[in-house]
2 protein chains.
Amino acid sequence: MRLTNDDAGDSRSDLTTRARIRDAAIAVFAESGFTAGLRAIAAAAGVSPGLVNHHFGSKDGLRAECDKYVLDVIRRRKAEAIATPGPAQAMKDLAEIDEYAPLFAYIVRSFQAGDGLGESLFEQMVQDAEQYLEMGVASGQVRPSRDPAARARYLTLNNVGAMLLYMQMRMHRDTPIDYREAIRDFAGDLALPALELYSEGLFSDSSMLDAYLATEDVAAQSEDAETRQPDSTTEEQK
Amino acid sequence: MRLTNDDAGDSRSDLTTRARIRDAAIAVFAESGFTAGLRAIAAAAGVSPGLVNHHFGSKDGLRAECDKYVLDVIRRRKAEAIATPGPAQAMKDLAEIDEYAPLFAYIVRSFQAGDGLGESLFEQMVQDAEQYLEMGVASGQVRPSRDPAARARYLTLNNVGAMLLYMQMRMHRDTPIDYREAIRDFAGDLALPALELYSEGLFSDSSMLDAYLATEDVAAQSEDAETRQPDSTTEEQK
DNA sequence: CGCCGGATTAAACATGCGTTTAATGTATTG
DNA sequence: CAATACATTAAACGCATGTTTAATCCGGCG
């Protein structure tokens, strides 16, 4: 219903069949993956297979339009709630709303396919995470890092990767997957260990970290001194 | 009566055509994904397309045989080095050896496809992680957890998910991907933030964790309708 | 030798795909 | 009203896929 209105991009008046096909494509792609046939999409939209190509040129054109639209919805959603943590939280919010469930599923599928949309969203999330972590450090709630950018990327990679893997295995277990339930379970199962790790760490002392920092210092010094490449196979004990 | 003397036993000297096709299939699947055509596999093995079906019945049969073989290699590899952390580390070791690169790529692809092999390996890794963490706790290097099983699953989900996402984005950037280089970069980029997180945590205090434990206690109390506990610094048992 | 069974191949088959083409409907417009 | 432009459809095209079929090769065995 509310998805019908479209001001994404330059095309102005596709509030009709064109938008219906686009929404149907997003839904079908979300449920069956991007290997879904053009005929299935056409059937879901209630039109003939030829019409979708007449409107979007090709299947890739349709994909591109879907990506652009989803990205635009995310951007708009993000603008609506600036105070929120960013796309990561926005994605969770999205999945909590039935109306946006196919969008979430589409994004998950897009990540799994590894094409442009997922990567674009990921980079957004990394930047948002870095900014958000910086705010936490400023307010004293988050410990400072020796490399804030690397930490933001690491945390984003972990959280997004874990969620994708969780959704994927869940999806493989029972299809169709209920994303609301899946996200709730995801949070319920992992909240405690995540908070434990974030609050108390995993190691009882910092010997590992110290050792790594020491080797890094040594490496930096040896780089200044001479250009040597430490070929592996030096240490191999089991 | 057919005598399958090459069946996943000692694969060192099985130059039989059946094994050659299987290896070629693993290589092609690893490089091009499971959408790769049967003809491409046949060409890589130097045989005709019909022969692979003659040996394996169908493409699914070939897939099943590849999965079984890979799983068997992992199992054997794991048995060879019992003292090692388990499949997680074994997979990294595998990728470091050129010979096993296609196996690693096949496993990554299998995870992404979300079929049985990936899930089976994942559960193995969770169990190994739990056992390994328990050893760390016993030796005092790892902090105890309020829910060791959940922590093992959480850490495995994070690490495997992060690596898969990293490989996938890397794979999308430049194909074919050099897994040795990719894993080296992965470790290099994320070693510092990972060690920071594991050694020092992320939050500067435990207020978030305390709040969560408090709500959990409240929920538990409403179930038991019993006495309250004053603070959360003491360890809880589930 | 003869022949016979499995290995192997080339070719055909059926199907689904994305795409194209030509025709039909439909609405707006001059 | 007629004509023009666009939406829409049904059908066919070309291609790639997995699978099957029939024929050929080839080594072992009576």
# chains A, B, ... in the order shown; residues from 1 in each chain; ligands from 1
call {"tool": "closest_atom_pairs", "arguments": {"of": "chain B", "to": "chain A", "cutoff": "8 Å", "atoms": "only C-alpha atoms", "output": "CSV"}}
result
residue,atom,partner,partner_atom,distance
B:Ala81,CA,A:Lys238,CA,7.6
B:Ala83,CA,A:Lys238,CA,6.7
B:Thr84,CA,A:Lys238,CA,6.9
B:Gln112,CA,A:Gln112,CA,6.8
B:Gly114,CA,A:Met169,CA,6.1
B:Asp115,CA,A:His172,CA,6.9
B:Glu119,CA,A:Met169,CA,6.9
B:Gly140,CA,A:Ser204,CA,7.0
B:Gln141,CA,A:Ser204,CA,5.5
B:Val142,CA,A:Phe203,CA,4.5
B:Arg143,CA,A:Ser204,CA,5.2
B:Ser145,CA,A:Glu196,CA,7.6
B:Asp147,CA,A:Pro193,CA,7.4
B:Ala150,CA,A:Pro193,CA,6.4
B:Arg151,CA,A:Pro193,CA,4.9
B:Tyr154,CA,A:Leu190,CA,6.0
B:Leu157,CA,A:Ala162,CA,5.1
B:Asn158,CA,A:Ala162,CA,4.7
B:Asn159,CA,A:Asn158,CA,6.6
B:Val160,CA,A:Ala162,CA,7.4
B:Gly161,CA,A:Gly161,CA,4.0
B:Ala162,CA,A:Gly161,CA,4.5
B:Met163,CA,A:Gly161,CA,7.6
B:Leu164,CA,A:Gly161,CA,7.1
B:Leu165,CA,A:Gly161,CA,5.5
B:Tyr166,CA,A:Leu157,CA,7.4
B:Gln168,CA,A:Gly114,CA,6.2
B:Met169,CA,A:Gly114,CA,6.0
B:His172,CA,A:Gly114,CA,6.2
B:Asp189,CA,A:Ala150,CA,7.0
B:Leu190,CA,A:Tyr154,CA,6.0
B:Leu192,CA,A:Leu209,CA,7.7
B:Pro193,CA,A:Arg151,CA,4.9
B:Ala194,CA,A:Tyr154,CA,7.4
B:Leu195,CA,A:Leu209,CA,5.4
B:Glu196,CA,A:Leu209,CA,6.6
B:Leu197,CA,A:Gly201,CA,6.0
B:Tyr198,CA,A:Leu202,CA,4.6
B:Ser199,CA,A:Phe203,CA,5.1
B:Glu200,CA,A:Gly201,CA,5.3
B:Gly201,CA,A:Gly201,CA,3.9
B:Leu202,CA,A:Tyr198,CA,4.6
B:Phe203,CA,A:Val142,CA,4.5
B:Ser204,CA,A:Arg143,CA,5.2
B:Asp205,CA,A:Ser199,CA,6.4
B:Ser206,CA,A:Ser199,CA,5.2
B:Met208,CA,A:Leu195,CA,7.2
B:Leu209,CA,A:Leu195,CA,5.5
B:Tyr212,CA,A:Leu192,CA,7.8
call {"tool": "calpha_fit_rmsd", "arguments": {"fixed": "chain A", "moving": "chain B"}}
result
6.6 Å
call {"tool": "residues_around", "arguments": {"residues": "DC17 of chain C", "least_positions_apart": "2", "cutoff": "12 Å", "atoms": "only C-alpha atoms (C1' of nucleotides)", "output": "ChimeraX atom specification"}}
result
/A:35-40,49,59 /C:15,19 /D:14-17
call {"tool": "residues_around", "arguments": {"residues": "Ile26 of chain B", "least_positions_apart": "2", "cutoff": "9 Å", "atoms": "only C-alpha atoms (C1' of nucleotides)", "output": "list in words"}}
result
Ile21, Arg22, Asp23, Ala24, Val28, Phe29, Ala30, Glu31, Ile41, Arg63, Cys66, Asp67, Val70, Pro102, Leu103, Ala105 and Tyr106 of chain B
call {"tool": "closest_residue", "arguments": {"among": "C:DA27, C:DA22, C:DC1, C:DA10", "to": "chain B", "atoms": "only C-alpha atoms (C1' of nucleotides)"}}
result
C:DA10
call {"tool": "interface_residues", "arguments": {"of": "chain B", "to": "chain C", "cutoff": "12 Å", "atoms": "only C-alpha atoms (C1' of nucleotides)", "output": "ChimeraX atom specification"}}
result
/B:1-3,16-18,46-55
call {"tool": "write_last_selection", "arguments": {"atoms": "N, CA, C and O atoms", "output": "PDB file, in the first residue's frame"}}
result
ATOM      1  N   MET B   1      28.255 -56.566 -10.681  1.00  0.00           N
ATOM      2  CA  MET B   1      28.751 -56.066  -9.397  1.00  0.00           C
ATOM      3  C   MET B   1      29.837 -55.026  -9.609  1.00  0.00           C
ATOM      4  O   MET B   1      30.862 -55.286 -10.219  1.00  0.00           O
ATOM      5  N   ARG B   2      29.631 -53.878  -9.117  1.00  0.00           N
ATOM      6  CA  ARG B   2      30.642 -52.839  -9.267  1.00  0.00           C
ATOM      7  C   ARG B   2      31.451 -52.721  -7.974  1.00  0.00           C
ATOM      8  O   ARG B   2      30.910 -52.710  -6.880  1.00  0.00           O
ATOM      9  N   LEU B   3      32.724 -52.688  -8.175  1.00  0.00           N
ATOM     10  CA  LEU B   3      33.590 -52.581  -7.011  1.00  0.00           C
ATOM     11  C   LEU B   3      34.106 -51.149  -6.913  1.00  0.00           C
ATOM     12  O   LEU B   3      34.954 -50.743  -7.700  1.00  0.00           O
ATOM     13  N   THR B  16      41.585 -43.031 -10.567  1.00  0.00           N
ATOM     14  CA  THR B  16      40.457 -43.488 -11.358  1.00  0.00           C
ATOM     15  C   THR B  16      39.649 -42.307 -11.873  1.00  0.00           C
ATOM     16  O   THR B  16      39.645 -41.235 -11.285  1.00  0.00           O
ATOM     17  N   THR B  17      38.973 -42.563 -12.965  1.00  0.00           N
ATOM     18  CA  THR B  17      38.217 -41.482 -13.607  1.00  0.00           C
ATOM     19  C   THR B  17      37.184 -40.892 -12.674  1.00  0.00           C
ATOM     20  O   THR B  17      36.982 -39.680 -12.653  1.00  0.00           O
ATOM     21  N   ARG B  18      36.566 -41.754 -11.922  1.00  0.00           N
ATOM     22  CA  ARG B  18      35.548 -41.288 -10.979  1.00  0.00           C
ATOM     23  C   ARG B  18      36.102 -40.249 -10.011  1.00  0.00           C
ATOM     24  O   ARG B  18      35.503 -39.187  -9.800  1.00  0.00           O
ATOM     25  N   GLY B  46      38.079 -33.490 -18.348  1.00  0.00           N
ATOM     26  CA  GLY B  46      38.531 -34.096 -19.586  1.00  0.00           C
ATOM     27  C   GLY B  46      37.694 -35.274 -20.032  1.00  0.00           C
ATOM     28  O   GLY B  46      38.196 -36.180 -20.700  1.00  0.00           O
ATOM     29  N   VAL B  47      36.431 -35.257 -19.669  1.00  0.00           N
ATOM     30  CA  VAL B  47      35.541 -36.344 -20.075  1.00  0.00           C
ATOM     31  C   VAL B  47      34.293 -35.750 -20.721  1.00  0.00           C
ATOM     32  O   VAL B  47      34.147 -34.535 -20.825  1.00  0.00           O
ATOM     33  N   SER B  48      33.416 -36.613 -21.138  1.00  0.00           N
ATOM     34  CA  SER B  48      32.189 -36.159 -21.774  1.00  0.00           C
ATOM     35  C   SER B  48      31.118 -35.925 -20.703  1.00  0.00           C
ATOM     36  O   SER B  48      31.152 -36.530 -19.630  1.00  0.00           O
ATOM     37  N   PRO B  49      30.175 -35.028 -20.989  1.00  0.00           N
ATOM     38  CA  PRO B  49      29.133 -34.723 -19.994  1.00  0.00           C
ATOM     39  C   PRO B  49      28.342 -35.956 -19.570  1.00  0.00           C
ATOM     40  O   PRO B  49      27.944 -36.057 -18.405  1.00  0.00           O
ATOM     41  N   GLY B  50      28.133 -36.861 -20.497  1.00  0.00           N
ATOM     42  CA  GLY B  50      27.340 -38.023 -20.139  1.00  0.00           C
ATOM     43  C   GLY B  50      28.015 -38.921 -19.110  1.00  0.00           C
ATOM     44  O   GLY B  50      27.343 -39.591 -18.332  1.00  0.00           O
ATOM     45  N   LEU B  51      29.352 -38.906 -19.123  1.00  0.00           N
ATOM     46  CA  LEU B  51      30.071 -39.843 -18.251  1.00  0.00           C
ATOM     47  C   LEU B  51      29.874 -39.526 -16.773  1.00  0.00           C
ATOM     48  O   LEU B  51      29.781 -40.441 -15.938  1.00  0.00           O
ATOM     49  N   VAL B  52      29.812 -38.249 -16.457  1.00  0.00           N
ATOM     50  CA  VAL B  52      29.670 -37.894 -15.040  1.00  0.00           C
ATOM     51  C   VAL B  52      28.327 -38.398 -14.519  1.00  0.00           C
ATOM     52  O   VAL B  52      28.258 -38.899 -13.384  1.00  0.00           O
ATOM     53  N   ASN B  53      27.303 -38.294 -15.324  1.00  0.00           N
ATOM     54  CA  ASN B  53      26.023 -38.840 -14.880  1.00  0.00           C
ATOM     55  C   ASN B  53      26.052 -40.363 -14.835  1.00  0.00           C
ATOM     56  O   ASN B  53      25.341 -40.977 -14.039  1.00  0.00           O
ATOM     57  N   HIS B  54      26.848 -40.953 -15.707  1.00  0.00           N
ATOM     58  CA  HIS B  54      26.973 -42.400 -15.664  1.00  0.00           C
ATOM     59  C   HIS B  54      27.615 -42.859 -14.359  1.00  0.00           C
ATOM     60  O   HIS B  54      27.319 -43.939 -13.849  1.00  0.00           O
ATOM     61  N   HIS B  55      28.495 -42.035 -13.841  1.00  0.00           N
ATOM     62  CA  HIS B  55      29.187 -42.408 -12.611  1.00  0.00           C
ATOM     63  C   HIS B  55      28.435 -41.985 -11.355  1.00  0.00           C
ATOM     64  O   HIS B  55      28.488 -42.666 -10.338  1.00  0.00           O
TER      65      HIS B  55
END
call {"tool": "atom_distance", "arguments": {"atom1": "atom CA of Asp60 of chain B", "atom2": "atom C1' of DT19 of chain D"}}
result
12.0 Å
call {"tool": "decode", "arguments": {"residues": "chain D", "atoms": "N, CA, C and O atoms (P, O5', C5', C4', C3', O3' and C1' of nucleotides)", "output": "short mmCIF file (atom, residue, chain, number, x, y, z; two decimals), in the first residue's frame"}}
result
data_model
loop_
_atom_site.label_atom_id
_atom_site.label_comp_id
_atom_site.auth_asym_id
_atom_site.auth_seq_id
_atom_site.Cartn_x
_atom_site.Cartn_y
_atom_site.Cartn_z
P DC D 1 -17.74 8.29 -33.28
"O5'" DC D 1 -17.01 9.28 -34.28
"C5'" DC D 1 -17.47 9.60 -35.60
"C4'" DC D 1 -16.24 9.77 -36.45
"C3'" DC D 1 -15.40 8.52 -36.56
"O3'" DC D 1 -14.81 8.47 -37.85
"C1'" DC D 1 -14.12 10.21 -35.50
P DA D 2 -14.17 7.13 -38.36
"O5'" DA D 2 -12.64 7.55 -38.47
"C5'" DA D 2 -12.28 8.70 -39.23
"C4'" DA D 2 -10.84 9.11 -38.93
"C3'" DA D 2 -9.82 7.98 -39.08
"O3'" DA D 2 -8.64 8.52 -39.68
"C1'" DA D 2 -9.77 8.82 -36.85
P DA D 3 -7.52 7.54 -40.15
"O5'" DA D 3 -6.31 8.01 -39.22
"C5'" DA D 3 -6.16 9.40 -38.95
"C4'" DA D 3 -5.14 9.60 -37.84
"C3'" DA D 3 -4.01 8.56 -37.87
"O3'" DA D 3 -2.78 9.23 -37.56
"C1'" DA D 3 -5.06 8.53 -35.77
P DT D 4 -1.39 8.65 -38.06
"O5'" DT D 4 -0.44 9.00 -36.84
"C5'" DT D 4 -0.77 10.10 -35.99
"C4'" DT D 4 -0.63 9.70 -34.54
"C3'" DT D 4 0.55 8.75 -34.25
"O3'" DT D 4 1.45 9.39 -33.36
"C1'" DT D 4 -1.41 8.10 -33.09
P DA D 5 2.87 8.79 -33.14
"O5'" DA D 5 2.81 8.37 -31.60
"C5'" DA D 5 2.38 9.32 -30.64
"C4'" DA D 5 2.20 8.63 -29.29
"C3'" DA D 5 3.34 7.68 -28.91
"O3'" DA D 5 3.63 7.83 -27.53
"C1'" DA D 5 1.30 6.49 -28.94
P DC D 6 5.01 7.26 -26.99
"O5'" DC D 6 4.50 6.26 -25.86
"C5'" DC D 6 3.45 6.68 -25.00
"C4'" DC D 6 2.61 5.49 -24.57
"C3'" DC D 6 3.39 4.32 -23.96
"O3'" DC D 6 2.98 4.16 -22.62
"C1'" DC D 6 1.71 3.57 -25.45
P DA D 7 3.76 3.14 -21.68
"O5'" DA D 7 2.66 2.01 -21.39
"C5'" DA D 7 1.37 2.41 -20.94
"C4'" DA D 7 0.41 1.23 -20.97
"C3'" DA D 7 0.91 -0.01 -20.25
"O3'" DA D 7 -0.18 -0.58 -19.52
"C1'" DA D 7 0.43 -0.55 -22.50
P DT D 8 0.09 -1.75 -18.49
"O5'" DT D 8 -0.07 -3.04 -19.39
"C5'" DT D 8 -1.31 -3.25 -20.07
"C4'" DT D 8 -1.23 -4.44 -20.99
"C3'" DT D 8 -0.41 -5.63 -20.45
"O3'" DT D 8 -1.30 -6.64 -20.02
"C1'" DT D 8 -0.11 -5.27 -22.81
P DT D 9 -0.70 -8.04 -19.46
"O5'" DT D 9 -0.84 -8.93 -20.78
"C5'" DT D 9 -2.02 -8.86 -21.55
"C4'" DT D 9 -1.87 -9.65 -22.82
"C3'" DT D 9 -1.25 -11.04 -22.64
"O3'" DT D 9 -2.12 -12.03 -23.13
"C1'" DT D 9 -0.17 -9.86 -24.42
P DA D 10 -2.05 -13.50 -22.54
"O5'" DA D 10 -1.68 -14.32 -23.87
"C5'" DA D 10 -2.42 -14.05 -25.05
"C4'" DA D 10 -1.63 -14.51 -26.27
"C3'" DA D 10 -1.02 -15.91 -26.14
"O3'" DA D 10 -1.32 -16.65 -27.31
"C1'" DA D 10 0.68 -14.34 -26.69
P DA D 11 -0.92 -18.19 -27.38
"O5'" DA D 11 0.39 -18.17 -28.29
"C5'" DA D 11 0.39 -17.35 -29.45
"C4'" DA D 11 1.80 -17.22 -29.99
"C3'" DA D 11 2.61 -18.52 -29.97
"O3'" DA D 11 3.06 -18.82 -31.28
"C1'" DA D 11 3.87 -16.72 -29.07
P DA D 12 3.74 -20.22 -31.60
"O5'" DA D 12 5.23 -19.79 -31.97
"C5'" DA D 12 5.42 -18.66 -32.80
"C4'" DA D 12 6.81 -18.10 -32.62
"C3'" DA D 12 7.92 -19.17 -32.69
"O3'" DA D 12 8.94 -18.74 -33.56
"C1'" DA D 12 8.16 -17.84 -30.75
P DC D 13 9.96 -19.75 -34.16
"O5'" DC D 13 11.36 -19.06 -33.84
"C5'" DC D 13 11.48 -17.63 -33.81
"C4'" DC D 13 12.67 -17.26 -32.95
"C3'" DC D 13 13.78 -18.30 -32.97
"O3'" DC D 13 14.98 -17.69 -33.41
"C1'" DC D 13 13.27 -17.62 -30.74
P DG D 14 16.15 -18.60 -33.96
"O5'" DG D 14 17.18 -18.50 -32.75
"C5'" DG D 14 17.51 -17.22 -32.22
"C4'" DG D 14 18.31 -17.38 -30.94
"C3'" DG D 14 19.36 -18.50 -30.99
"O3'" DG D 14 20.57 -18.02 -30.44
"C1'" DG D 14 17.87 -18.86 -29.18
P DC D 15 21.84 -18.94 -30.48
"O5'" DC D 15 22.00 -19.32 -28.95
"C5'" DC D 15 21.81 -18.31 -27.95
"C4'" DC D 15 21.60 -18.96 -26.60
"C3'" DC D 15 22.57 -20.12 -26.31
"O3'" DC D 15 23.35 -19.82 -25.18
"C1'" DC D 15 20.34 -20.68 -25.70
P DA D 16 24.75 -20.55 -24.98
"O5'" DA D 16 24.51 -21.33 -23.61
"C5'" DA D 16 24.05 -20.61 -22.47
"C4'" DA D 16 23.38 -21.56 -21.52
"C3'" DA D 16 24.18 -22.84 -21.24
"O3'" DA D 16 24.49 -22.92 -19.85
"C1'" DA D 16 21.89 -23.33 -21.75
P DT D 17 25.44 -24.06 -19.34
"O5'" DT D 17 24.44 -25.02 -18.56
"C5'" DT D 17 23.51 -24.46 -17.61
"C4'" DT D 17 22.31 -25.36 -17.44
"C3'" DT D 17 22.66 -26.81 -17.17
"O3'" DT D 17 22.83 -27.00 -15.78
"C1'" DT D 17 20.80 -26.59 -18.67
P DG D 18 23.62 -28.30 -15.35
"O5'" DG D 18 22.50 -29.43 -15.37
"C5'" DG D 18 21.35 -29.27 -14.56
"C4'" DG D 18 20.39 -30.42 -14.76
"C3'" DG D 18 21.00 -31.80 -14.51
"O3'" DG D 18 20.05 -32.63 -13.85
"C1'" DG D 18 20.27 -31.67 -16.75
P DT D 19 20.43 -34.12 -13.43
"O5'" DT D 19 19.87 -34.93 -14.68
"C5'" DT D 19 18.53 -34.70 -15.11
"C4'" DT D 19 18.23 -35.50 -16.36
"C3'" DT D 19 18.68 -36.96 -16.34
"O3'" DT D 19 17.54 -37.80 -16.39
"C1'" DT D 19 19.19 -35.92 -18.42
P DT D 20 17.73 -39.38 -16.28
"O5'" DT D 20 17.64 -39.81 -17.81
"C5'" DT D 20 16.53 -39.38 -18.59
"C4'" DT D 20 16.74 -39.76 -20.05
"C3'" DT D 20 17.06 -41.25 -20.30
"O3'" DT D 20 16.10 -41.77 -21.18
"C1'" DT D 20 18.60 -39.84 -21.45
P DT D 21 16.07 -43.37 -21.41
"O5'" DT D 21 16.73 -43.50 -22.85
"C5'" DT D 21 16.35 -42.59 -23.87
"C4'" DT D 21 17.20 -42.80 -25.12
"C3'" DT D 21 17.60 -44.25 -25.39
"O3'" DT D 21 17.32 -44.58 -26.74
"C1'" DT D 21 19.52 -42.87 -25.41
P DA D 22 17.15 -46.10 -27.12
"O5'" DA D 22 18.32 -46.27 -28.19
"C5'" DA D 22 18.49 -45.26 -29.18
"C4'" DA D 22 19.93 -45.25 -29.66
"C3'" DA D 22 20.50 -46.64 -29.99
"O3'" DA D 22 21.06 -46.62 -31.29
"C1'" DA D 22 21.96 -45.47 -28.54
P DA D 23 21.51 -48.01 -31.96
"O5'" DA D 23 23.06 -47.71 -32.22
"C5'" DA D 23 23.45 -46.42 -32.65
"C4'" DA D 23 24.87 -46.14 -32.20
"C3'" DA D 23 25.88 -47.26 -32.53
"O3'" DA D 23 26.91 -46.75 -33.37
"C1'" DA D 23 26.13 -46.49 -30.31
P DT D 24 27.95 -47.74 -34.05
"O5'" DT D 24 29.27 -47.53 -33.18
"C5'" DT D 24 29.80 -46.22 -33.02
"C4'" DT D 24 30.85 -46.22 -31.91
"C3'" DT D 24 31.99 -47.23 -32.10
"O3'" DT D 24 33.22 -46.54 -32.06
"C1'" DT D 24 31.13 -47.30 -29.90
P DC D 25 34.49 -47.24 -32.67
"O5'" DC D 25 35.40 -47.51 -31.38
"C5'" DC D 25 35.80 -46.41 -30.58
"C4'" DC D 25 36.12 -46.88 -29.16
"C3'" DC D 25 37.26 -47.90 -29.05
"O3'" DC D 25 38.31 -47.32 -28.30
"C1'" DC D 25 35.41 -48.48 -27.67
P DC D 26 39.75 -47.96 -28.37
"O5'" DC D 26 39.75 -48.98 -27.14
"C5'" DC D 26 39.29 -48.53 -25.87
"C4'" DC D 26 39.25 -49.69 -24.90
"C3'" DC D 26 40.27 -50.80 -25.19
"O3'" DC D 26 40.89 -51.20 -23.99
"C1'" DC D 26 38.12 -51.72 -24.99
P DG D 27 42.38 -51.79 -24.06
"O5'" DG D 27 42.46 -52.63 -22.72
"C5'" DG D 27 41.84 -52.14 -21.52
"C4'" DG D 27 41.08 -53.27 -20.85
"C3'" DG D 27 41.87 -54.57 -20.67
"O3'" DG D 27 41.65 -55.07 -19.36
"C1'" DG D 27 39.86 -55.02 -21.79
P DG D 28 42.59 -56.22 -18.79
"O5'" DG D 28 41.51 -57.35 -18.48
"C5'" DG D 28 40.46 -57.09 -17.55
"C4'" DG D 28 39.44 -58.22 -17.58
"C3'" DG D 28 40.01 -59.61 -17.32
"O3'" DG D 28 39.09 -60.33 -16.51
"C1'" DG D 28 38.94 -59.58 -19.43
P DC D 29 39.56 -61.60 -15.70
"O5'" DC D 29 38.56 -62.72 -16.21
"C5'" DC D 29 37.27 -62.35 -16.70
"C4'" DC D 29 36.68 -63.47 -17.54
"C3'" DC D 29 37.35 -64.83 -17.35
"O3'" DC D 29 36.36 -65.84 -17.33
"C1'" DC D 29 37.40 -64.25 -19.62
P DG D 30 36.65 -67.18 -16.66
"O5'" DG D 30 35.88 -68.21 -17.62
"C5'" DG D 30 34.52 -68.00 -17.92
"C4'" DG D 30 34.21 -68.55 -19.31
"C3'" DG D 30 34.61 -70.01 -19.50
"O3'" DG D 30 33.54 -70.73 -20.12
"C1'" DG D 30 35.58 -68.69 -21.19
#
